[in-house]
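This is my_file-v2.csv (CSV, C-alpha atoms and all ligand atoms).
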```
chain,number,residue,atom,x,y,z
K,17,MET,CA,22.3,-16.7,-8.6
K,18,ALA,CA,22.0,-13.2,-7.0
K,19,GLY,CA,18.8,-12.2,-5.4
K,20,VAL,CA,17.1,-10.5,-2.5
K,21,PHE,CA,14.6,-12.2,-0.2
K,22,TRP,CA,12.0,-10.7,2.2
K,23,HIS,CA,10.5,-12.8,4.9
K,24,LEU,CA,9.0,-11.8,8.3
K,25,GLY,CA,10.2,-8.2,8.0
K,26,ASN,CA,13.8,-8.9,7.1
K,27,TRP,CA,15.7,-8.5,3.8
K,28,SER,CA,18.4,-11.0,3.0
K,29,THR,CA,20.7,-11.9,0.1
K,30,GLU,CA,20.6,-15.6,1.3
K,31,GLU,CA,17.7,-17.8,0.4
K,32,PRO,CA,15.7,-18.2,3.6
K,33,LYS,CA,15.3,-21.8,4.7
K,34,ILE,CA,11.7,-21.8,5.7
K,35,LEU,CA,9.9,-25.1,5.3
K,36,GLY,CA,10.1,-28.5,7.1
K,37,PRO,CA,8.2,-31.7,6.9
K,38,MET,CA,5.5,-30.6,9.3
K,39,ASP,CA,4.7,-27.5,7.2
K,40,HIS,CA,1.4,-27.8,5.3
K,41,ALA,CA,2.8,-26.0,2.3
K,42,PHE,CA,5.6,-28.5,2.0
K,43,TRP,CA,3.4,-31.5,2.7
K,44,LEU,CA,0.1,-30.7,0.9
K,45,GLY,CA,1.0,-27.9,-1.5
K,46,SER,CA,-0.9,-24.9,0.1
K,47,VAL,CA,1.2,-22.4,-1.8
K,48,ILE,CA,0.3,-19.6,-4.3
K,49,PHE,CA,2.6,-17.3,-6.1
K,50,ASP,CA,2.8,-14.5,-8.7
K,51,GLY,CA,5.5,-13.6,-11.1
K,52,ALA,CA,6.3,-10.1,-12.3
K,53,ARG,CA,9.5,-8.8,-14.0
K,54,ALA,CA,11.8,-5.9,-13.7
K,55,ILE,CA,13.4,-5.2,-17.1
K,56,ARG,CA,16.3,-2.8,-16.5
K,57,GLY,CA,14.4,-0.5,-14.1
K,58,THR,CA,10.8,-0.9,-15.5
K,59,VAL,CA,8.2,-3.1,-13.8
K,60,PRO,CA,5.2,-3.4,-16.1
K,61,ASP,CA,1.8,-4.1,-14.4
K,62,LEU,CA,3.4,-4.6,-10.9
K,63,ASP,CA,0.1,-3.5,-9.3
K,64,LEU,CA,-1.9,-6.1,-11.2
K,65,HIS,CA,0.5,-8.9,-10.2
K,66,CYS,CA,0.4,-7.9,-6.6
K,67,ARG,CA,-3.4,-7.8,-6.6
K,68,ARG,CA,-3.6,-11.2,-8.3
K,69,CYS,CA,-1.3,-12.6,-5.7
K,70,VAL,CA,-3.6,-11.5,-2.9
K,71,GLN,CA,-6.7,-12.7,-4.8
K,72,SER,CA,-5.0,-16.1,-5.4
K,73,ALA,CA,-4.5,-16.5,-1.7
K,74,LEU,CA,-8.1,-15.6,-0.9
K,75,ASN,CA,-9.4,-18.0,-3.5
K,76,MET,CA,-7.2,-20.8,-1.9
K,77,ARG,CA,-8.9,-19.9,1.5
K,78,MET,CA,-5.7,-18.5,2.8
K,79,ASN,CA,-5.6,-15.4,5.0
K,80,PRO,CA,-3.2,-13.0,3.1
K,81,THR,CA,-1.1,-11.3,5.7
K,82,MET,CA,-0.1,-8.4,3.3
K,83,THR,CA,-2.1,-6.1,1.1
K,84,ALA,CA,-1.4,-5.7,-2.6
K,85,GLU,CA,-0.1,-2.2,-1.9
K,86,GLU,CA,2.3,-3.5,0.8
K,87,ILE,CA,3.6,-6.1,-1.6
K,88,GLU,CA,4.1,-3.6,-4.3
K,89,THR,CA,6.1,-1.3,-2.0
K,90,LEU,CA,8.3,-4.3,-1.0
K,91,CYS,CA,8.8,-5.2,-4.7
K,92,ARG,CA,9.9,-1.7,-5.5
K,93,GLU,CA,12.3,-1.8,-2.6
K,94,GLY,CA,13.8,-5.1,-3.7
K,95,VAL,CA,14.2,-3.9,-7.3
K,96,ARG,CA,16.1,-0.9,-6.0
K,97,ARG,CA,18.4,-3.1,-4.0
K,98,MET,CA,19.2,-5.2,-7.2
K,99,GLY,CA,19.9,-2.0,-9.3
K,100,PRO,CA,18.8,-0.4,-12.6
K,101,GLU,CA,20.6,-2.7,-15.0
K,102,ALA,CA,19.1,-6.0,-13.7
K,103,GLU,CA,16.6,-8.2,-15.4
K,104,LEU,CA,14.7,-9.7,-12.5
K,105,TYR,CA,12.0,-12.2,-11.7
K,106,ILE,CA,9.8,-10.9,-8.9
K,107,ARG,CA,8.0,-13.7,-7.1
K,108,PRO,CA,5.7,-12.9,-4.1
K,109,MET,CA,4.2,-16.0,-2.5
K,110,PHE,CA,1.8,-16.9,0.3
K,111,PHE,CA,2.0,-20.3,1.9
K,112,VAL,CA,0.4,-22.1,4.9
K,113,ARG,CA,2.3,-23.6,7.8
K,114,ARG,CA,-0.2,-25.6,9.7
K,115,GLY,CA,-3.1,-27.9,9.0
K,116,LEU,CA,-6.5,-28.1,10.6
K,117,GLY,CA,-7.8,-31.6,11.1
K,118,ALA,CA,-6.9,-34.1,8.4
K,119,SER,CA,-5.8,-32.0,5.5
K,120,GLN,CA,-7.3,-28.5,5.6
K,121,PRO,CA,-4.8,-25.6,5.7
K,122,ASP,CA,-5.2,-23.3,8.7
K,123,PRO,CA,-5.6,-19.9,7.1
K,124,ASP,CA,-4.3,-18.2,10.2
K,125,SER,CA,-0.9,-19.7,9.7
K,126,THR,CA,-0.5,-18.0,6.2
K,127,GLU,CA,2.9,-16.5,5.7
K,128,PHE,CA,4.3,-14.3,2.9
K,129,ILE,CA,7.7,-14.4,1.3
K,130,LEU,CA,9.1,-12.4,-1.6
K,131,SER,CA,12.0,-13.5,-3.8
K,132,ILE,CA,13.6,-11.1,-6.4
K,133,TYR,CA,16.4,-12.6,-8.4
K,134,ASP,CA,18.4,-12.3,-11.6
K,135,SER,CA,16.6,-13.8,-14.5
K,136,PRO,CA,17.7,-12.7,-18.0
K,137,MET,CA,14.9,-12.0,-20.5
K,138,PRO,CA,14.9,-14.7,-23.1
K,139,ALA,CA,15.6,-13.6,-26.7
K,140,PRO,CA,12.6,-13.9,-29.1
K,141,THR,CA,14.3,-16.5,-31.2
K,142,GLY,CA,11.3,-18.8,-31.6
K,143,PHE,CA,10.3,-22.1,-30.1
K,144,SER,CA,8.7,-25.3,-31.3
K,145,ALA,CA,5.4,-26.7,-29.8
K,146,ILE,CA,3.0,-29.6,-29.9
K,147,THR,CA,-0.3,-30.3,-28.3
K,148,ALA,CA,0.2,-32.6,-25.3
K,149,PRO,CA,-2.2,-35.3,-24.2
K,150,PHE,CA,-2.6,-33.6,-20.7
K,151,ARG,CA,-5.4,-31.1,-20.4
K,152,ARG,CA,-6.1,-28.1,-18.2
K,153,PRO,CA,-8.6,-28.9,-15.5
K,154,ALA,CA,-12.0,-27.3,-15.3
K,155,PRO,CA,-12.7,-25.0,-12.3
K,156,ASP,CA,-14.5,-27.8,-10.5
K,157,GLN,CA,-11.5,-30.1,-10.9
K,158,ALA,CA,-8.7,-27.9,-9.6
K,159,PRO,CA,-8.3,-24.4,-8.1
K,160,THR,CA,-7.9,-22.7,-11.5
K,161,ASP,CA,-8.9,-19.3,-10.0
K,162,ALA,CA,-5.6,-19.2,-8.2
K,163,LYS,CA,-2.0,-19.1,-9.4
K,164,ALA,CA,-1.5,-22.2,-7.2
K,165,SER,CA,1.8,-24.0,-7.3
K,166,ALA,CA,-0.3,-27.3,-7.1
K,167,LEU,CA,-1.5,-26.6,-10.7
K,168,TYR,CA,2.0,-26.7,-12.1
K,169,PRO,CA,2.9,-30.4,-12.0
K,170,ASN,CA,0.2,-31.0,-14.7
K,171,GLY,CA,1.8,-28.3,-16.9
K,172,ALA,CA,5.2,-29.8,-16.2
K,173,ARG,CA,4.2,-33.2,-17.4
K,174,ALA,CA,2.8,-31.7,-20.5
K,175,ALA,CA,6.1,-29.9,-21.1
K,176,ALA,CA,8.0,-33.1,-20.4
K,177,TRP,CA,5.9,-35.0,-22.9
K,178,ALA,CA,6.5,-32.3,-25.5
K,179,ARG,CA,10.3,-32.4,-24.9
K,180,GLU,CA,10.3,-36.2,-25.2
K,181,HIS,CA,8.6,-35.8,-28.6
K,182,GLY,CA,11.2,-33.3,-29.9
K,183,TYR,CA,9.4,-30.1,-29.1
K,184,GLU,CA,10.3,-27.3,-26.6
K,185,TRP,CA,6.8,-26.3,-25.4
K,186,ALA,CA,3.4,-27.9,-24.9
K,187,VAL,CA,0.1,-26.6,-26.0
K,188,MET,CA,-2.6,-27.7,-23.5
K,189,LEU,CA,-6.3,-28.2,-24.4
K,190,ASP,CA,-9.3,-27.5,-22.1
K,191,PRO,CA,-11.6,-30.2,-21.0
K,192,ASP,CA,-13.7,-29.7,-24.2
K,193,GLY,CA,-10.7,-30.3,-26.4
K,194,ASN,CA,-10.2,-26.7,-27.5
K,195,VAL,CA,-6.9,-24.9,-27.1
K,196,ALA,CA,-6.4,-23.4,-23.7
K,197,GLU,CA,-2.8,-22.2,-23.5
K,198,PHE,CA,0.9,-23.2,-23.4
K,199,SER,CA,1.9,-25.0,-20.3
K,200,ALA,CA,3.2,-21.8,-18.8
K,201,ALA,CA,2.1,-18.9,-21.1
K,202,ASN,CA,-0.9,-17.8,-23.0
K,203,LEU,CA,-1.4,-18.5,-26.7
K,204,MET,CA,-2.3,-16.2,-29.5
K,205,MET,CA,-2.6,-17.1,-33.2
K,206,VAL,CA,-2.9,-14.9,-36.3
K,207,LYS,CA,-4.9,-15.7,-39.5
K,208,ASN,CA,-5.2,-13.1,-42.3
K,209,GLY,CA,-4.0,-10.4,-40.0
K,210,VAL,CA,-6.5,-11.1,-37.3
K,211,VAL,CA,-5.3,-12.1,-33.8
K,212,ILE,CA,-7.4,-14.9,-32.2
K,213,THR,CA,-6.8,-16.1,-28.7
K,214,PRO,CA,-8.8,-18.6,-26.5
K,215,LYS,CA,-11.7,-16.9,-24.7
K,216,PRO,CA,-11.2,-17.3,-21.0
K,217,ASN,CA,-13.4,-20.1,-19.7
K,218,GLY,CA,-11.9,-20.7,-16.2
K,219,THR,CA,-9.6,-23.5,-17.3
K,220,PHE,CA,-6.4,-21.5,-17.9
K,221,LEU,CA,-4.7,-18.5,-16.4
K,222,ALA,CA,-5.9,-15.5,-18.4
K,223,GLY,CA,-2.6,-13.7,-18.0
K,224,ILE,CA,-1.8,-10.1,-17.2
K,225,THR,CA,0.5,-10.0,-20.2
K,226,ARG,CA,-2.3,-11.4,-22.4
K,227,ALA,CA,-4.7,-8.7,-21.3
K,228,ARG,CA,-2.1,-6.0,-21.8
K,229,ILE,CA,-1.1,-7.2,-25.3
K,230,ILE,CA,-4.8,-7.4,-26.4
K,231,GLU,CA,-5.3,-3.8,-25.2
K,232,LEU,CA,-2.1,-2.6,-26.9
K,233,LEU,CA,-2.9,-4.4,-30.2
K,234,ARG,CA,-6.5,-3.1,-30.3
K,235,ARG,CA,-5.4,0.4,-29.5
K,236,ALA,CA,-2.9,0.2,-32.5
K,237,GLY,CA,-5.9,-0.7,-34.7
K,238,ARG,CA,-5.5,-4.5,-35.0
K,239,GLU,CA,-8.5,-6.8,-34.7
K,240,VAL,CA,-8.2,-9.2,-31.7
K,241,ARG,CA,-10.8,-11.9,-31.2
K,242,GLU,CA,-11.3,-13.9,-28.1
K,243,ASP,CA,-12.9,-17.1,-29.3
K,244,ILE,CA,-12.7,-20.8,-29.5
K,245,VAL,CA,-9.3,-22.0,-30.9
K,246,THR,CA,-9.1,-25.6,-32.1
K,247,PRO,CA,-5.9,-27.6,-32.7
K,248,ALA,CA,-6.8,-27.6,-36.4
K,249,MET,CA,-6.7,-23.8,-36.4
K,250,LEU,CA,-3.2,-23.9,-35.1
K,251,GLU,CA,-2.1,-26.2,-38.0
K,252,ASP,CA,-3.4,-23.5,-40.4
K,253,ALA,CA,-2.2,-20.4,-38.5
K,254,ASP,CA,0.0,-17.7,-40.2
K,255,GLU,CA,1.6,-17.0,-36.8
K,256,ILE,CA,1.4,-18.4,-33.3
K,257,PHE,CA,2.9,-16.7,-30.3
K,258,ALA,CA,3.1,-16.9,-26.6
K,259,THR,CA,2.4,-14.1,-24.1
K,260,GLY,CA,3.5,-14.3,-20.5
K,261,ASN,CA,5.5,-12.6,-17.8
K,262,PHE,CA,8.6,-14.7,-18.3
K,263,GLY,CA,9.3,-14.1,-22.0
K,264,LYS,CA,6.7,-11.4,-22.6
K,265,VAL,CA,6.1,-12.1,-26.4
K,266,GLN,CA,7.7,-15.2,-27.9
K,267,PRO,CA,7.1,-16.5,-31.5
K,268,CYS,CA,6.4,-20.1,-32.1
K,269,THR,CA,8.3,-21.1,-35.2
K,270,ARG,CA,7.1,-24.8,-35.5
K,271,TYR,CA,3.8,-26.2,-34.4
K,272,GLY,CA,3.7,-30.0,-35.0
K,273,THR,CA,4.9,-30.4,-38.6
K,274,HIS,CA,3.9,-26.8,-39.5
K,275,ASP,CA,6.9,-24.5,-39.8
K,276,MET,CA,6.4,-20.7,-39.5
K,277,GLN,CA,8.7,-17.7,-39.6
K,278,PRO,CA,8.7,-15.3,-36.6
K,279,GLY,CA,5.9,-13.1,-37.8
K,280,PRO,CA,5.1,-9.4,-38.1
K,281,VAL,CA,2.2,-9.4,-35.6
K,282,ALA,CA,4.3,-11.1,-32.9
K,283,ALA,CA,7.0,-8.5,-33.5
K,284,GLU,CA,4.5,-5.7,-33.4
K,285,ALA,CA,3.0,-7.0,-30.1
K,286,ARG,CA,6.5,-7.2,-28.6
K,287,ARG,CA,7.5,-3.7,-29.7
K,288,LEU,CA,4.2,-2.3,-28.3
K,289,TYR,CA,4.8,-4.1,-25.0
K,290,PHE,CA,8.3,-2.8,-24.5
K,291,GLU,CA,7.1,0.7,-25.4
K,292,PHE,CA,4.4,0.3,-22.7
K,293,ALA,CA,7.0,-1.0,-20.3
K,294,GLU,CA,8.9,2.3,-20.4
K,295,THR,CA,5.8,4.0,-18.9
K,296,ALA,CA,6.3,1.7,-15.8
K,297,ARG,CA,9.9,2.9,-15.2
K,298,ILE,CA,10.6,2.9,-11.4
K,299,LEU,CA,14.4,3.4,-11.6
K,300,PRO,CA,16.4,5.8,-13.7
K,301,LYS,CA,18.1,4.3,-16.8
K,302,ALA,CA,21.6,3.0,-16.1
K,303,VAL,CA,24.2,5.3,-17.6
K,401,LIG,N1,-0.5,-19.4,-18.0
K,401,LIG,C1,0.3,-20.0,-17.1
K,401,LIG,C2,0.0,-21.4,-16.7
K,401,LIG,C3,1.4,-19.3,-16.5
K,401,LIG,O1,2.1,-19.9,-15.5
K,401,LIG,C4,1.6,-18.0,-16.9
K,401,LIG,C5,2.8,-17.2,-16.3
K,401,LIG,N2,2.4,-16.6,-15.2
K,401,LIG,C6,0.8,-17.4,-17.9
K,401,LIG,C7,-0.2,-18.2,-18.4
K,401,LIG,C8,1.0,-16.0,-18.3
K,401,LIG,O2,0.4,-15.1,-17.3
K,401,LIG,P1,1.0,-13.7,-17.0
K,401,LIG,O3,1.0,-13.0,-18.3
K,401,LIG,O4,0.1,-13.1,-16.0
K,401,LIG,O5,2.4,-13.9,-16.5
```
In structure tokens, how does this file's structure come out?
Ligand code: PMP
Amino acid sequence: MAGVFWHLGNWSTEEPKILGPMDHAFWLGSVIFDGARAIRGTVPDLDLHCRRCVQSALNMRMNPTMTAEEIETLCREGVRRMGPEAELYIRPMFFVRRGLGASQPDPDSTEFILSIYDSPMPAPTGFSAITAPFRRPAPDQAPTDAKASALYPNGARAAAWAREHGYEWAVMLDPDGNVAEFSAANLMMVKNGVVITPKPNGTFLAGITRARIIELLRRAGREVREDIVTPAMLEDADEIFATGNFGKVQPCTRYGTHDMQPGPVAAEARRLYFEFAETARILPKAV
């Protein structure tokens, strides 16, 4: 896999070997990350991803050693190095090297690493999903205000459970039993032309793509409601789709036993997103 990596002031095309058994990040999971994308020379909402990266570090009591603006400049440089045709995943991370006392991370040993690597955009061909019996934690049960790596094993076991039951993706509920999100993307459903998406309650990542799609759909005249979504509402939805940095907008074509065609609203959201992406062009189009 081709990529470029920035760590301690140096660019490399080799993956830096950075962690050992005495590192707090490796041992006790003091790691946060963000994920943005370059799509053939455009990088939508890069500034927001860089700001969220720094905020996640602060919320995890780390001492971010880079500003959002510095991270953004590095990301642009990395995308330039990879070239205008590439489809890239852009992953800035903060991690902590040393511990204080028994298990506390020492904020002053926070380090930054940036990885930018080839990651083709998935086609919007549709996916199947089912609600998994593993829920998103409440904010007083896990650091849900950070994009912390430590939150992901819970999503991974939900996704594994879905796969074991013949589905590709998992829907996760919040502690009250309402729909929160997919295990690694936000969820929107459509009923009678109205888009309904779970109202942020601190239990799930209210994503940057989600916010952008809400804004674009509303600006295009479509009603979007942020509200409680129940699993029963998903059974009865006209459309369900996922929003997230990895696949941007992806239609769900089977929820449980409920089959759906990729719908017009998901297609509209996707088209609006890719039109918006053109305004974030940082490299000339490849000829
Ligand atoms: N929820 C989770 C758990 C995620 O990992 C992601 C992907 N970052 C999202 C939602 C979507 O967020 P965003 O649109 O900011 O990528």
Point-to-point distance from CA of Leu44 in chain K to atom O2 of ligand LIG 401 (chain K), Å rounded to tenths: 24.0 Å
Excluding same-chain residues fewer than 3 positions from range 73-86 of chain K, what lies within 9 Å of it counting all atoms listed in the file, as a PDB file with C-alpha atoms, in the coordinates of the input?
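Okay, this is what ended up in out-v4.pdb:
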```pdb
ATOM      1  CA  SER K  46      -0.900 -24.900   0.100  1.00  0.00           C
ATOM      2  CA  VAL K  47       1.200 -22.400  -1.800  1.00  0.00           C
ATOM      3  CA  ILE K  48       0.300 -19.600  -4.300  1.00  0.00           C
ATOM      4  CA  PHE K  49       2.600 -17.300  -6.100  1.00  0.00           C
ATOM      5  CA  ASP K  63       0.100  -3.500  -9.300  1.00  0.00           C
ATOM      6  CA  LEU K  64      -1.900  -6.100 -11.200  1.00  0.00           C
ATOM      7  CA  HIS K  65       0.500  -8.900 -10.200  1.00  0.00           C
ATOM      8  CA  CYS K  66       0.400  -7.900  -6.600  1.00  0.00           C
ATOM      9  CA  ARG K  67      -3.400  -7.800  -6.600  1.00  0.00           C
ATOM     10  CA  ARG K  68      -3.600 -11.200  -8.300  1.00  0.00           C
ATOM     11  CA  CYS K  69      -1.300 -12.600  -5.700  1.00  0.00           C
ATOM     12  CA  VAL K  70      -3.600 -11.500  -2.900  1.00  0.00           C
ATOM     13  CA  THR K  89       6.100  -1.300  -2.000  1.00  0.00           C
ATOM     14  CA  LEU K  90       8.300  -4.300  -1.000  1.00  0.00           C
ATOM     15  CA  CYS K  91       8.800  -5.200  -4.700  1.00  0.00           C
ATOM     16  CA  MET K 109       4.200 -16.000  -2.500  1.00  0.00           C
ATOM     17  CA  PHE K 110       1.800 -16.900   0.300  1.00  0.00           C
ATOM     18  CA  PHE K 111       2.000 -20.300   1.900  1.00  0.00           C
ATOM     19  CA  VAL K 112       0.400 -22.100   4.900  1.00  0.00           C
ATOM     20  CA  PRO K 121      -4.800 -25.600   5.700  1.00  0.00           C
ATOM     21  CA  ASP K 122      -5.200 -23.300   8.700  1.00  0.00           C
ATOM     22  CA  PRO K 123      -5.600 -19.900   7.100  1.00  0.00           C
ATOM     23  CA  ASP K 124      -4.300 -18.200  10.200  1.00  0.00           C
ATOM     24  CA  SER K 125      -0.900 -19.700   9.700  1.00  0.00           C
ATOM     25  CA  THR K 126      -0.500 -18.000   6.200  1.00  0.00           C
ATOM     26  CA  GLU K 127       2.900 -16.500   5.700  1.00  0.00           C
ATOM     27  CA  PHE K 128       4.300 -14.300   2.900  1.00  0.00           C
ATOM     28  CA  PRO K 159      -8.300 -24.400  -8.100  1.00  0.00           C
ATOM     29  CA  ASP K 161      -8.900 -19.300 -10.000  1.00  0.00           C
ATOM     30  CA  ALA K 162      -5.600 -19.200  -8.200  1.00  0.00           C
ATOM     31  CA  LYS K 163      -2.000 -19.100  -9.400  1.00  0.00           C
ATOM     32  CA  ALA K 164      -1.500 -22.200  -7.200  1.00  0.00           C
TER      33      ALA K 164
END
```
Near-ligand residues for ligand LIG 401 (chain K), threshold 9 Å, all atoms listed in the file, as a ChimeraX atom specification: /K:50-52,64-65,68,163,167-168,171,197-203,220-228,258-264
Interface rows for range 185-244 of chain K against range 152-155 of chain K: nearest pair, Å to one decimal, 12 Å, all atoms listed in the file, as JSON lines:
```
{"residue": "K:Ala186", "atom": "CA", "partner": "K:Arg152", "partner_atom": "CA", "distance": 11.6}
{"residue": "K:Val187", "atom": "CA", "partner": "K:Arg152", "partner_atom": "CA", "distance": 10.1}
{"residue": "K:Met188", "atom": "CA", "partner": "K:Arg152", "partner_atom": "CA", "distance": 6.4}
{"residue": "K:Leu189", "atom": "CA", "partner": "K:Arg152", "partner_atom": "CA", "distance": 6.2}
{"residue": "K:Asp190", "atom": "CA", "partner": "K:Arg152", "partner_atom": "CA", "distance": 5.1}
{"residue": "K:Pro191", "atom": "CA", "partner": "K:Pro153", "partner_atom": "CA", "distance": 6.4}
{"residue": "K:Asp192", "atom": "CA", "partner": "K:Ala154", "partner_atom": "CA", "distance": 9.4}
{"residue": "K:Gly193", "atom": "CA", "partner": "K:Arg152", "partner_atom": "CA", "distance": 9.7}
{"residue": "K:Asn194", "atom": "CA", "partner": "K:Arg152", "partner_atom": "CA", "distance": 10.3}
{"residue": "K:Val195", "atom": "CA", "partner": "K:Arg152", "partner_atom": "CA", "distance": 9.5}
{"residue": "K:Ala196", "atom": "CA", "partner": "K:Arg152", "partner_atom": "CA", "distance": 7.2}
{"residue": "K:Glu197", "atom": "CA", "partner": "K:Arg152", "partner_atom": "CA", "distance": 8.6}
{"residue": "K:Phe198", "atom": "CA", "partner": "K:Arg152", "partner_atom": "CA", "distance": 10.0}
{"residue": "K:Ser199", "atom": "CA", "partner": "K:Arg152", "partner_atom": "CA", "distance": 8.8}
{"residue": "K:Ala200", "atom": "CA", "partner": "K:Arg152", "partner_atom": "CA", "distance": 11.2}
{"residue": "K:Pro216", "atom": "CA", "partner": "K:Ala154", "partner_atom": "CA", "distance": 11.5}
{"residue": "K:Asn217", "atom": "CA", "partner": "K:Ala154", "partner_atom": "CA", "distance": 8.6}
{"residue": "K:Gly218", "atom": "CA", "partner": "K:Pro155", "partner_atom": "CA", "distance": 5.9}
{"residue": "K:Thr219", "atom": "CA", "partner": "K:Ala154", "partner_atom": "CA", "distance": 4.9}
{"residue": "K:Phe220", "atom": "CA", "partner": "K:Arg152", "partner_atom": "CA", "distance": 6.6}
{"residue": "K:Leu221", "atom": "CA", "partner": "K:Arg152", "partner_atom": "CA", "distance": 9.9}
```
Surrounding residues of Ala282 in chain K excluding itself and chain neighbours under 4 positions, 8 Å, all atoms listed in the file, as a PyMOL selection string: chain K and resi 255-257+265-267+278+286
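Distance-wise, CA of Gly209 in chain K and CA of Ala283 in chain K end up 12.9 Å apart.
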Produce a table with one row for each residue of range 68-103 of chain K that has an atom at most 12 Å from any atom of range 28-32 of chain K, each row naming the nearest atom pair and its distance in Å at one decimal; use all atoms listed in the file; arrange rows by chain and rising residue number; format as CSV.
```
residue,atom,partner,partner_atom,distance
K:Gly94,CA,K:Ser28,CA,10.0
K:Arg97,CA,K:Thr29,CA,10.0
K:Met98,CA,K:Thr29,CA,10.0
```
Selection above as a file: C-alpha atoms, as a tab-separated table (two decimals), keeping the file's coordinate frame:
```tsv
chain	number	residue	atom	x	y	z
K	94	GLY	CA	13.80	-5.10	-3.70
K	97	ARG	CA	18.40	-3.10	-4.00
K	98	MET	CA	19.20	-5.20	-7.20
```
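Proximity to Pro214 in chain K at 6 Å, evaluated using all atoms listed in the file and with sequence-adjacent residues fewer than 5 positions away removed, yields Glu242, Asp243, Ile244 and Val245 of chain K.
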Pairwise distance for CA of His274 in chain K and CA of Arg238 in chain K, rounded to one decimal in Å: 24.6 Å
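Excluding Arg297 in chain K and any residue on its chain fewer than 3 positions from it, the residues at most 10 Å away by only C-alpha atoms are K:Ala54, K:Ile55, K:Arg56, K:Gly57, K:Thr58, K:Val59, K:Pro60, K:Pro100, K:Phe292, K:Ala293, K:Glu294, K:Pro300, K:Lys301.
Distance check against Tyr271 in chain K using only C-alpha atoms: of K:Met205, K:Met17, K:Ala174, K:Ile146, the minimum falls on K:Ile146.
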Given all atoms listed in the file as the counted atoms, nearest of K:Met137, K:Ala302, K:Arg113, K:Tyr289 to Asp61 in chain K: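 So, comparing all the options, the nearest one is K:Tyr289.
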Counting only C-alpha atoms, the option among K:Asp254, K:Glu239, K:Glu101, K:Asp275 closest to Asn208 in chain K: K:Asp254
Residue with smallest distance to Gly182 in chain K - pool K:Ser119, K:Arg270, K:Glu103, K:Phe150, counting all atoms listed in the file: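 Once distances to Gly182 in chain K are computed over all atoms listed in the file, the minimum belongs to K:Arg270.
Nearest residue to Val303 in chain K, choosing from K:Gly25, K:Gly99, K:Leu233, K:Ile87 and counting only C-alpha atoms: K:Gly99.
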With the input short on atoms, add N, CA and C atoms back to range 198-210 of chain K and write it as a PDB file, keeping the file's coordinate frame.
```
ATOM      1  N   PHE K 198      -0.379 -22.434 -23.595  1.00  0.00           N
ATOM      2  CA  PHE K 198       0.900 -23.200 -23.400  1.00  0.00           C
ATOM      3  C   PHE K 198       0.951 -23.609 -21.972  1.00  0.00           C
ATOM      4  N   SER K 199       1.887 -24.508 -21.664  1.00  0.00           N
ATOM      5  CA  SER K 199       1.900 -25.000 -20.300  1.00  0.00           C
ATOM      6  C   SER K 199       2.297 -23.923 -19.287  1.00  0.00           C
ATOM      7  N   ALA K 200       2.948 -22.844 -19.710  1.00  0.00           N
ATOM      8  CA  ALA K 200       3.200 -21.800 -18.800  1.00  0.00           C
ATOM      9  C   ALA K 200       3.176 -20.385 -19.408  1.00  0.00           C
ATOM     10  N   ALA K 201       2.314 -20.254 -20.414  1.00  0.00           N
ATOM     11  CA  ALA K 201       2.100 -18.900 -21.100  1.00  0.00           C
ATOM     12  C   ALA K 201       0.822 -19.012 -21.849  1.00  0.00           C
ATOM     13  N   ASN K 202       0.270 -17.855 -22.161  1.00  0.00           N
ATOM     14  CA  ASN K 202      -0.900 -17.800 -23.000  1.00  0.00           C
ATOM     15  C   ASN K 202      -0.618 -17.913 -24.454  1.00  0.00           C
ATOM     16  N   LEU K 203      -1.612 -18.261 -25.241  1.00  0.00           N
ATOM     17  CA  LEU K 203      -1.400 -18.500 -26.700  1.00  0.00           C
ATOM     18  C   LEU K 203      -2.244 -17.544 -27.509  1.00  0.00           C
ATOM     19  N   MET K 204      -1.617 -17.007 -28.525  1.00  0.00           N
ATOM     20  CA  MET K 204      -2.300 -16.200 -29.500  1.00  0.00           C
ATOM     21  C   MET K 204      -1.940 -16.731 -30.892  1.00  0.00           C
ATOM     22  N   MET K 205      -2.907 -16.708 -31.830  1.00  0.00           N
ATOM     23  CA  MET K 205      -2.600 -17.100 -33.200  1.00  0.00           C
ATOM     24  C   MET K 205      -3.049 -15.974 -34.134  1.00  0.00           C
ATOM     25  N   VAL K 206      -2.504 -15.970 -35.338  1.00  0.00           N
ATOM     26  CA  VAL K 206      -2.900 -14.900 -36.300  1.00  0.00           C
ATOM     27  C   VAL K 206      -3.292 -15.630 -37.594  1.00  0.00           C
ATOM     28  N   LYS K 207      -4.437 -15.203 -38.138  1.00  0.00           N
ATOM     29  CA  LYS K 207      -4.900 -15.700 -39.500  1.00  0.00           C
ATOM     30  C   LYS K 207      -5.374 -14.473 -40.236  1.00  0.00           C
ATOM     31  N   ASN K 208      -4.804 -14.278 -41.404  1.00  0.00           N
ATOM     32  CA  ASN K 208      -5.200 -13.100 -42.300  1.00  0.00           C
ATOM     33  C   ASN K 208      -5.155 -11.816 -41.519  1.00  0.00           C
ATOM     34  N   GLY K 209      -4.153 -11.637 -40.684  1.00  0.00           N
ATOM     35  CA  GLY K 209      -4.000 -10.400 -40.000  1.00  0.00           C
ATOM     36  C   GLY K 209      -4.793 -10.201 -38.724  1.00  0.00           C
ATOM     37  N   VAL K 210      -5.708 -11.149 -38.451  1.00  0.00           N
ATOM     38  CA  VAL K 210      -6.500 -11.100 -37.300  1.00  0.00           C
ATOM     39  C   VAL K 210      -5.934 -11.940 -36.154  1.00  0.00           C
TER      40      VAL K 210
END
```
